[in-house]
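Dumped target-v7.tsv below, it's TSV, C-alpha atoms:
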chain	number	residue	atom	x	y	z
H	1	MET	CA	58.66	-12.27	-52.03
H	2	ASP	CA	56.08	-9.53	-52.30
H	3	GLU	CA	53.79	-11.42	-49.93
H	4	LYS	CA	56.54	-11.69	-47.33
H	5	ARG	CA	57.26	-7.99	-47.59
H	6	PHE	CA	53.56	-7.23	-47.24
H	7	VAL	CA	53.34	-9.34	-44.08
H	8	VAL	CA	56.45	-7.68	-42.63
H	9	ALA	CA	55.12	-4.23	-43.53
H	10	LEU	CA	51.75	-5.07	-41.95
H	11	PHE	CA	53.46	-6.28	-38.79
H	12	GLY	CA	55.62	-3.15	-38.70
H	13	LEU	CA	52.51	-0.97	-39.09
H	14	ALA	CA	50.82	-2.77	-36.20
H	15	VAL	CA	53.89	-2.29	-33.99
H	16	ALA	CA	54.06	1.40	-34.98
H	17	ILE	CA	50.38	1.89	-34.08
H	18	VAL	CA	50.83	0.27	-30.66
H	19	ALA	CA	54.02	2.25	-30.00
H	20	GLY	CA	52.29	5.46	-31.09
H	21	TYR	CA	49.37	4.74	-28.75
H	22	VAL	CA	51.72	4.16	-25.82
H	23	ALA	CA	53.63	7.35	-26.64
H	24	TYR	CA	50.33	9.25	-26.84
H	25	ARG	CA	49.27	7.97	-23.40
H	26	PHE	CA	52.59	9.11	-21.91
H	27	VAL	CA	53.15	12.16	-24.11
H	28	ALA	CA	53.66	14.46	-21.10
H	29	PRO	CA	56.65	12.67	-19.48
H	30	LEU	CA	58.14	11.88	-22.90
H	31	THR	CA	57.94	15.54	-23.89
H	32	VAL	CA	59.55	16.66	-20.64
H	33	ALA	CA	62.26	14.02	-21.16
H	34	VAL	CA	63.09	15.36	-24.64
H	35	PHE	CA	63.09	18.89	-23.20
H	36	LEU	CA	65.50	17.88	-20.42
H	37	TYR	CA	67.68	15.94	-22.87
H	38	TYR	CA	68.32	18.92	-25.10
H	39	SER	CA	68.65	21.20	-22.07
H	40	THR	CA	71.43	19.10	-20.53
H	41	ARG	CA	73.10	17.52	-23.57
H	42	ARG	CA	75.66	20.29	-24.05
H	43	PHE	CA	76.72	20.07	-20.43
H	44	TYR	CA	76.82	16.25	-20.74
H	45	HIS	CA	79.27	16.45	-23.65
H	46	ARG	CA	81.42	19.05	-21.92
H	47	LEU	CA	81.99	16.62	-19.08
H	48	GLU	CA	83.96	14.46	-21.51
H	49	ARG	CA	87.06	16.55	-20.80
H	50	PHE	CA	87.16	14.99	-17.31
H	51	ARG	CA	87.20	11.49	-18.89
H	52	LEU	CA	84.18	10.37	-16.93
H	53	PRO	CA	82.15	7.33	-18.07
H	54	SER	CA	78.99	8.11	-20.00
H	55	ARG	CA	76.73	6.80	-17.22
H	56	VAL	CA	78.42	9.03	-14.64
H	57	ARG	CA	78.12	12.04	-16.92
H	58	ALA	CA	74.42	11.31	-17.45
H	59	VAL	CA	73.79	11.08	-13.71
H	60	VAL	CA	75.69	14.33	-13.08
H	61	SER	CA	73.78	16.11	-15.85
H	62	LEU	CA	70.41	14.97	-14.51
H	63	SER	CA	71.42	15.85	-10.96
H	64	LEU	CA	72.30	19.36	-12.10
H	65	ILE	CA	68.59	19.97	-12.75
H	66	GLY	CA	66.77	17.26	-10.83
H	67	VAL	CA	68.34	17.58	-7.38
H	68	PRO	CA	68.05	21.39	-7.11
H	69	LEU	CA	64.47	21.27	-8.45
H	70	ILE	CA	63.40	18.55	-5.99
H	71	GLY	CA	65.13	20.40	-3.17
H	72	LEU	CA	63.45	23.65	-4.16
H	73	VAL	CA	59.98	22.08	-4.23
H	74	SER	CA	60.54	20.22	-0.95
H	75	TYR	CA	61.86	23.34	0.78
H	76	THR	CA	58.87	25.33	-0.48
H	77	LEU	CA	56.40	22.75	0.83
H	78	VAL	CA	58.09	22.68	4.25
H	79	LEU	CA	57.97	26.48	4.47
H	80	LEU	CA	54.29	26.48	3.47
H	81	ILE	CA	53.50	23.97	6.23
H	82	LEU	CA	55.47	25.96	8.81
H	83	GLU	CA	53.87	29.24	7.78
H	84	ALA	CA	50.39	27.68	7.84
H	85	ARG	CA	51.02	26.37	11.34
H	86	ARG	CA	52.31	29.78	12.45
H	87	PHE	CA	49.22	31.40	10.93
H	88	ILE	CA	46.90	29.01	12.81
H	89	GLU	CA	48.72	29.71	16.07
H	90	GLN	CA	48.76	33.48	15.59
H	91	TYR	CA	45.21	34.01	14.36
H	92	PRO	CA	42.00	32.47	15.79
H	93	VAL	CA	41.22	30.34	12.75
H	94	ALA	CA	39.11	27.80	14.61
H	95	ASP	CA	37.06	30.55	16.30
H	96	THR	CA	36.59	32.37	13.01
H	97	ILE	CA	35.09	29.36	11.22
H	98	GLY	CA	32.97	28.59	14.28
H	99	ALA	CA	33.76	24.91	14.41
H	100	GLU	CA	34.96	23.93	17.87
H	101	ASN	CA	34.85	20.25	17.02
H	102	SER	CA	36.39	20.60	13.56
H	103	VAL	CA	39.68	19.15	12.44
H	104	ILE	CA	41.32	22.58	12.60
H	105	GLY	CA	39.97	23.18	16.08
H	106	ASP	CA	41.28	19.85	17.32
H	107	LEU	CA	44.68	20.25	15.72
H	108	ALA	CA	45.03	23.86	16.90
H	109	GLU	CA	45.04	22.57	20.47
H	110	LEU	CA	48.19	20.59	19.66
H	111	SER	CA	50.53	23.50	18.99
H	112	ASN	CA	53.65	21.67	20.18
H	113	PRO	CA	52.57	18.05	20.60
H	114	THR	CA	54.66	15.40	22.27
H	115	ALA	CA	54.47	11.67	21.57
H	116	ASP	CA	52.29	11.10	24.67
H	117	GLU	CA	49.94	13.95	23.71
H	118	LEU	CA	49.58	12.56	20.18
H	119	LEU	CA	48.78	9.10	21.55
H	120	THR	CA	46.25	10.55	24.00
H	121	ALA	CA	44.63	12.63	21.24
H	122	TYR	CA	44.38	9.56	19.02
H	123	ARG	CA	42.77	7.46	21.76
H	124	SER	CA	40.29	10.24	22.57
H	125	GLY	CA	39.18	10.42	18.93
H	126	GLN	CA	40.55	13.87	18.06
H	127	PHE	CA	42.10	12.50	14.87
H	128	ASP	CA	38.95	10.62	13.77
H	129	PRO	CA	37.68	13.43	11.44
H	130	LEU	CA	41.11	13.68	9.84
H	131	ILE	CA	41.38	9.90	9.46
H	132	ASP	CA	37.89	9.75	7.91
H	133	LEU	CA	38.80	12.53	5.47
H	134	VAL	CA	41.98	10.77	4.41
H	135	SER	CA	40.17	7.45	4.08
H	136	GLU	CA	37.51	8.96	1.84
H	137	GLN	CA	40.11	10.47	-0.46
H	138	ALA	CA	42.56	7.56	-0.25
H	139	SER	CA	41.91	6.26	-3.78
H	140	LEU	CA	42.25	9.71	-5.34
H	141	LEU	CA	45.38	10.46	-3.33
H	142	ALA	CA	46.92	7.09	-4.20
H	143	SER	CA	46.20	7.45	-7.92
H	144	THR	CA	47.59	10.99	-7.96
H	145	VAL	CA	50.79	10.06	-6.14
H	146	SER	CA	51.33	6.90	-8.19
H	147	GLY	CA	50.70	8.81	-11.43
H	148	LEU	CA	53.21	11.49	-10.49
H	149	ALA	CA	55.77	8.86	-9.47
H	150	LEU	CA	55.29	6.95	-12.74
H	151	ASN	CA	55.63	10.08	-14.87
H	152	LEU	CA	58.73	11.11	-12.94
H	153	LEU	CA	60.27	7.66	-13.41
H	154	ILE	CA	59.55	7.69	-17.16
H	155	THR	CA	61.04	11.17	-17.50
H	156	VAL	CA	64.23	10.27	-15.64
H	157	VAL	CA	64.76	6.94	-17.41
H	158	VAL	CA	64.09	8.30	-20.92
H	159	THR	CA	66.31	11.35	-20.36
H	160	TYR	CA	69.09	9.18	-18.93
H	161	TYR	CA	69.16	6.82	-21.90
H	162	LEU	CA	68.78	9.64	-24.41
H	163	LEU	CA	71.94	11.18	-22.99
H	164	ILE	CA	73.79	7.87	-23.18
H	165	ASP	CA	72.45	6.54	-26.51
H	166	GLY	CA	71.25	9.72	-28.19
H	167	ASP	CA	74.08	9.65	-30.72
H	168	LYS	CA	73.23	6.07	-31.67
H	169	PHE	CA	69.59	7.01	-32.20
H	170	HIS	CA	70.69	10.00	-34.31
H	171	ASP	CA	72.88	7.79	-36.50
H	172	TRP	CA	70.06	5.24	-36.86
H	173	LEU	CA	67.69	7.93	-38.11
H	174	LEU	CA	70.25	9.05	-40.68
H	175	SER	CA	70.77	5.46	-41.82
H	176	LEU	CA	67.11	5.17	-42.82
H	177	ASP	CA	67.64	7.57	-45.70
H	178	ASP	CA	70.98	9.12	-46.57
H	179	ASP	CA	69.40	11.65	-48.93
H	180	ALA	CA	70.93	15.09	-48.56
H	181	ILE	CA	67.59	16.74	-47.74
H	182	VAL	CA	66.73	14.33	-44.93
H	183	ARG	CA	70.22	14.48	-43.47
H	184	GLU	CA	70.34	18.27	-43.56
H	185	TYR	CA	66.91	18.56	-41.96
H	186	LEU	CA	67.64	16.12	-39.12
H	187	GLU	CA	71.02	17.64	-38.31
H	188	THR	CA	69.73	21.22	-38.47
H	189	ALA	CA	66.67	20.44	-36.34
H	190	ASP	CA	68.82	18.63	-33.79
H	191	ALA	CA	71.23	21.56	-33.47
H	192	GLU	CA	68.44	24.14	-33.25
H	193	LEU	CA	66.53	22.18	-30.60
H	194	GLU	CA	69.67	22.07	-28.49
H	195	ALA	CA	70.23	25.81	-28.95
H	196	VAL	CA	66.65	26.74	-28.03
H	197	LEU	CA	66.08	24.39	-25.10
H	198	TYR	CA	69.56	24.81	-23.63
H	199	GLY	CA	68.94	28.54	-23.93
H	200	ASN	CA	65.80	28.15	-21.81
H	201	LEU	CA	67.84	26.53	-19.07
H	202	LEU	CA	70.38	29.36	-19.17
H	203	ASN	CA	67.53	31.88	-19.10
H	204	VAL	CA	66.07	30.29	-15.95
H	205	ILE	CA	69.46	30.30	-14.22
H	206	ALA	CA	70.26	33.89	-15.23
H	207	ILE	CA	66.88	35.26	-14.13
H	208	GLY	CA	67.07	33.28	-10.88
H	209	VAL	CA	70.47	34.82	-10.06
H	210	ILE	CA	69.25	38.33	-10.97
H	211	ALA	CA	66.13	37.87	-8.82
H	212	VAL	CA	68.09	36.60	-5.80
H	213	VAL	CA	70.53	39.52	-5.96
H	214	THR	CA	67.66	42.01	-6.41
H	215	TYR	CA	65.63	40.63	-3.51
H	216	LEU	CA	68.64	40.53	-1.18
H	217	GLY	CA	69.52	44.08	-2.18
H	218	TYR	CA	65.97	45.23	-1.42
H	219	ASN	CA	66.05	43.59	2.02
H	220	ALA	CA	69.32	45.40	2.77
H	221	VAL	CA	67.62	48.81	2.53
H	222	ALA	CA	64.01	48.07	3.45
H	223	PRO	CA	62.63	48.13	7.03
H	224	ALA	CA	62.05	44.79	8.71
H	225	ALA	CA	58.26	45.15	8.45
H	226	VAL	CA	58.34	45.10	4.64
H	227	GLU	CA	61.23	42.72	4.01
H	228	ILE	CA	60.87	39.90	1.49
H	229	PRO	CA	60.43	36.58	3.30
H	230	TYR	CA	62.97	33.98	2.21
H	231	PRO	CA	64.53	36.10	-0.59
H	232	THR	CA	66.79	33.31	-1.90
H	233	LEU	CA	63.86	30.90	-2.27
H	234	ALA	CA	61.73	33.62	-3.84
H	235	GLY	CA	64.48	34.40	-6.35
H	236	ALA	CA	64.88	30.74	-7.33
H	237	LEU	CA	61.11	30.40	-7.80
H	238	THR	CA	61.16	33.55	-9.93
H	239	GLY	CA	63.70	31.96	-12.25
H	240	VAL	CA	61.58	28.80	-12.61
H	241	ALA	CA	58.45	30.90	-13.16
H	242	SER	CA	60.12	32.62	-16.13
H	243	LEU	CA	59.23	29.51	-18.16
H	244	ILE	CA	55.51	30.21	-17.75
H	245	PRO	CA	54.17	32.28	-20.67
H	246	VAL	CA	52.57	35.73	-20.34
H	247	ILE	CA	52.40	35.97	-16.54
H	248	GLY	CA	55.80	34.40	-15.90
H	249	MET	CA	57.65	35.94	-12.97
H	250	LYS	CA	54.60	37.99	-11.95
H	251	ILE	CA	53.17	34.96	-10.14
H	252	VAL	CA	56.05	35.32	-7.67
H	253	TYR	CA	56.80	38.99	-7.11
H	254	ILE	CA	53.19	40.24	-7.14
H	255	PRO	CA	52.10	37.85	-4.33
H	256	LEU	CA	55.29	38.85	-2.50
H	257	ALA	CA	54.27	42.49	-2.72
H	258	ALA	CA	50.76	41.64	-1.52
H	259	ALA	CA	52.13	39.62	1.40
H	260	MET	CA	54.29	42.57	2.44
H	261	SER	CA	51.52	45.15	1.98
H	262	VAL	CA	48.65	43.54	3.90
H	263	PRO	CA	50.27	43.41	7.39
H	264	VAL	CA	51.58	46.99	7.30
H	265	ALA	CA	48.24	48.26	5.96
H	266	LEU	CA	46.36	46.50	8.77
H	267	ASP	CA	48.77	47.97	11.30
H	268	GLY	CA	48.19	51.47	9.90
H	269	GLU	CA	51.80	51.97	8.76
H	270	VAL	CA	50.79	53.23	5.33
H	271	SER	CA	54.05	55.11	4.83
H	272	LEU	CA	55.91	51.80	4.52
H	273	LEU	CA	53.96	51.01	1.36
H	274	VAL	CA	56.42	53.29	-0.44
H	275	TYR	CA	59.04	50.55	-0.06
H	276	VAL	CA	56.62	47.98	-1.47
H	277	ALA	CA	55.92	50.22	-4.46
H	278	GLY	CA	59.67	50.61	-4.97
H	279	PHE	CA	60.09	46.84	-4.81
H	280	LEU	CA	57.42	46.38	-7.48
H	281	ALA	CA	59.06	48.98	-9.73
H	282	VAL	CA	62.50	47.35	-9.37
H	283	ALA	CA	61.07	43.87	-9.92
H	284	VAL	CA	59.21	44.91	-13.08
H	285	VAL	CA	62.24	46.66	-14.58
H	286	VAL	CA	65.29	44.75	-13.31
H	287	VAL	CA	63.88	41.23	-12.93
H	288	ASP	CA	61.13	41.09	-15.55
H	289	THR	CA	61.55	43.57	-18.40
H	290	VAL	CA	65.29	44.05	-18.88
H	291	PRO	CA	66.26	40.34	-18.81
H	292	ASP	CA	63.41	39.55	-21.19
H	293	ILE	CA	64.66	42.15	-23.67
H	294	VAL	CA	68.40	41.61	-23.27
H	295	LEU	CA	68.86	37.93	-22.43
H	296	ARG	CA	66.04	36.13	-24.24
H	297	PRO	CA	67.29	36.99	-27.78
H	298	TYR	CA	70.67	35.44	-26.94
H	299	PHE	CA	69.04	32.32	-25.47
H	300	SER	CA	66.34	31.82	-28.10
H	301	GLY	CA	68.37	29.76	-30.58
H	302	GLU	CA	70.23	30.49	-33.78
H	303	THR	CA	67.37	30.82	-36.29
H	304	THR	CA	64.12	30.57	-34.31
H	305	HIS	CA	62.31	33.92	-34.13
H	306	VAL	CA	61.91	35.23	-30.56
H	307	GLY	CA	58.33	36.35	-31.12
H	308	LEU	CA	57.27	32.99	-32.54
H	309	LEU	CA	58.95	31.22	-29.65
H	310	MET	CA	57.04	33.33	-27.12
H	311	LEU	CA	53.78	32.62	-28.96
H	312	ALA	CA	54.60	28.91	-28.78
H	313	TYR	CA	54.98	29.18	-25.02
H	314	ILE	CA	51.64	31.01	-24.85
H	315	PHE	CA	49.59	28.72	-27.12
H	316	GLY	CA	51.23	25.45	-26.06
H	317	PRO	CA	49.59	25.09	-22.62
H	318	VAL	CA	46.25	26.26	-24.03
H	319	VAL	CA	46.20	23.65	-26.82
H	320	PHE	CA	48.02	20.68	-25.28
H	321	GLY	CA	47.74	21.25	-21.54
H	322	PHE	CA	50.59	21.83	-19.13
H	323	HIS	CA	53.07	19.71	-21.10
H	324	GLY	CA	52.42	22.01	-24.06
H	325	LEU	CA	54.81	24.40	-22.36
H	326	PHE	CA	57.57	21.97	-23.42
H	327	LEU	CA	55.94	20.46	-26.53
H	328	ALA	CA	55.05	23.66	-28.41
H	329	PRO	CA	58.65	24.97	-28.70
H	330	ILE	CA	59.76	21.57	-30.01
H	331	ILE	CA	57.00	21.54	-32.65
H	332	LEU	CA	57.84	25.14	-33.62
H	333	VAL	CA	61.53	24.36	-34.10
H	334	LEU	CA	60.76	21.24	-36.16
H	335	ALA	CA	58.31	23.16	-38.37
H	336	LEU	CA	60.57	26.17	-38.95
H	337	THR	CA	63.58	23.97	-39.65
H	338	PHE	CA	61.57	21.96	-42.17
H	339	ALA	CA	60.50	25.16	-43.92
H	340	ASP	CA	64.09	26.44	-44.05
H	341	THR	CA	65.86	23.26	-45.14
H	342	ALA	CA	63.50	20.84	-46.89
H	343	LEU	CA	60.34	22.60	-48.07
H	344	LEU	CA	61.97	24.69	-50.79
H	345	ARG	CA	63.84	21.73	-52.24
H	346	LEU	CA	60.71	19.57	-52.21
H	347	LEU	CA	58.97	22.32	-54.18
H	348	GLY	CA	61.82	22.34	-56.71
H	349	VAL	CA	63.39	25.62	-55.55
H	350	GLU	CA	67.04	25.57	-54.62
H	351	PRO	CA	67.82	27.88	-51.68
H	352	ASP	CA	70.08	30.83	-52.31
H	353	PRO	CA	73.58	29.83	-51.13
H	354	GLY	CA	74.55	33.48	-50.78
H	355	SER	CA	77.52	35.26	-52.21
H	356	GLU	CA	80.41	32.86	-52.78
H	357	VAL	CA	82.89	35.73	-52.93
H	358	PRO	CA	83.23	37.82	-49.77
H	359	ALA	CA	82.47	41.52	-50.09
H	360	GLY	CA	85.53	43.53	-51.10
H	361	GLN	CA	87.40	40.56	-52.57
H	362	ARG	CA	88.16	40.80	-56.32
H	363	ARG	CA	87.75	37.92	-58.78
H	364	LEU	CA	90.71	36.47	-60.66
H	365	ASP	CA	89.39	37.53	-64.09
H	366	GLU	CA	89.30	41.19	-62.93
H	367	PHE	CA	93.10	41.43	-62.93

Target encoding structure tokens, full file:
Amino acid sequence: MDEKRFVVALFGLAVAIVAGYVAYRFVAPLTVAVFLYYSTRRFYHRLERFRLPSRVRAVVSLSLIGVPLIGLVSYTLVLLILEARRFIEQYPVADTIGAENSVIGDLAELSNPTADELLTAYRSGQFDPLIDLVSEQASLLASTVSGLALNLLITVVVTYYLLIDGDKFHDWLLSLDDDAIVREYLETADAELEAVLYGNLLNVIAIGVIAVVTYLGYNAVAPAAVEIPYPTLAGALTGVASLIPVIGMKIVYIPLAAAMSVPVALDGEVSLLVYVAGFLAVAVVVVDTVPDIVLRPYFSGETTHVGLLMLAYIFGPVVFGFHGLFLAPIILVLALTFADTALLRLLGVEPDPGSEVPAGQRRLDEF
């Protein structure tokens, strides 16, 4: 009997090692999936009041984040391409770099190409440098695109099934050991992870709305020469950028200020820089500082310290890479919850349950 158990335990250890290796190789999409699961789980459960099937609720919950995010990224890329084309048409880029036969020089001649012009340009060899460049980087481009697609697929699938079967997985974990310490730790950590990560989602939405309103309000009073380009898009990107530690929203509104300042400075309209300075002041106070002070404490969870959570967002990307932005808060919550619920009992110290009698209420033996 002992030999059979040893063989089963050895097989289980081998399976655990292989599963751990696979999880390590795909730690980034798995981390993002857990982050999205806890960010959308509360909304997923609230959809139960409409008596929708679990699969429909999971799709709606994922679409709430996935579709707007994909649309935002796609819209940004399209605007970047359009602005780059406008820049090439407006400024003599090909003449500046001194390359009449370069790819930019050839493409600059096709400002508004028709199908016949594209076919003629292809036959004359104008696209040969571009084709050669793409061919040389084809393997790198293919591996990058396929890697991104695979990670995206893993993230979506894992998040989808966590939403559907997350309760079953939770019950299975509790069935492994019904000890009071283990049960309390798992349930407390689960609730705190939902509070913290769902709070991050609310923080992004709130800051995005504040930024959009602020940018539209600035454009209503500012001259056309110093208006914010695409204020709604810029506000949405500001909300997403609030997840990035330290610099956060500054990577959006500071480049915006620079983009507004350079043209008016080159045109000699220095007086208009007052509006840009006012925009920076409003962005720092209204968009950056005040929401961080007022909103973040409400969205930071029930027991997790705000300062520790911010340090986790700072150190996470440094230690683990980009996915550390999502992994570090999860590790912090698990560690703090363990210290609050299980560590003291494992050391033989029972936590203080607090006063059993509310303040101001008299005991029976006092009468």

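Minimum distance to Ala312 in chain H across H:Ala335, H:Leu186, H:Ile293, H:Ile17 (counting only C-alpha atoms) occurs at H:Ala335.
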
Shortest interatomic distance to Leu237 in chain H - which of H:Thr76, H:Ser139, H:Ser61, H:Ser39, counting all atoms listed in the file: H:Thr76

Distance query range 22-38 of chain H at most 10 Å, all atoms listed in the file, self and fewer than 4 positions along chain excluded, as a ChimeraX atom specification: /H:16-18,42-44,58,61-62,65-66,148,150-163,166,190-201,320-330

Gap from CA of Arg183 in chain H to CA of Tyr21 in chain H - Å, one decimal: 27.3 Å

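With distances taken over all atoms listed in the file, H:Val287 is the one residue among H:Val287, H:Thr144, H:Pro255, H:Ala277 lying closest to Val209 in chain H.
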
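In this model, the gap between CA of Ser242 in chain H and CA of Ile207 in chain H comes to 7.5 Å.
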
Distance query Val252 in chain H at most 10 Å, only C-alpha atoms, self and fewer than 4 positions along chain excluded, as a PyMOL selection string: chain H and resi 234-242+247-248+256-257

Serialized selection, C-alpha atoms, as a PDB file, in the frame of the given file:
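selection_33.pdb written:
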ATOM      1  CA  ALA H 234      61.730  33.620  -3.840  1.00  0.00           C
ATOM      2  CA  GLY H 235      64.480  34.400  -6.350  1.00  0.00           C
ATOM      3  CA  ALA H 236      64.880  30.740  -7.330  1.00  0.00           C
ATOM      4  CA  LEU H 237      61.110  30.400  -7.800  1.00  0.00           C
ATOM      5  CA  THR H 238      61.160  33.550  -9.930  1.00  0.00           C
ATOM      6  CA  GLY H 239      63.700  31.960 -12.250  1.00  0.00           C
ATOM      7  CA  VAL H 240      61.580  28.800 -12.610  1.00  0.00           C
ATOM      8  CA  ALA H 241      58.450  30.900 -13.160  1.00  0.00           C
ATOM      9  CA  SER H 242      60.120  32.620 -16.130  1.00  0.00           C
ATOM     10  CA  ILE H 247      52.400  35.970 -16.540  1.00  0.00           C
ATOM     11  CA  GLY H 248      55.800  34.400 -15.900  1.00  0.00           C
ATOM     12  CA  LEU H 256      55.290  38.850  -2.500  1.00  0.00           C
ATOM     13  CA  ALA H 257      54.270  42.490  -2.720  1.00  0.00           C
TER      14      ALA H 257
END

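You will find CA of Leu343 in chain H at 15.3 Å from CA of Glu187 in chain H.
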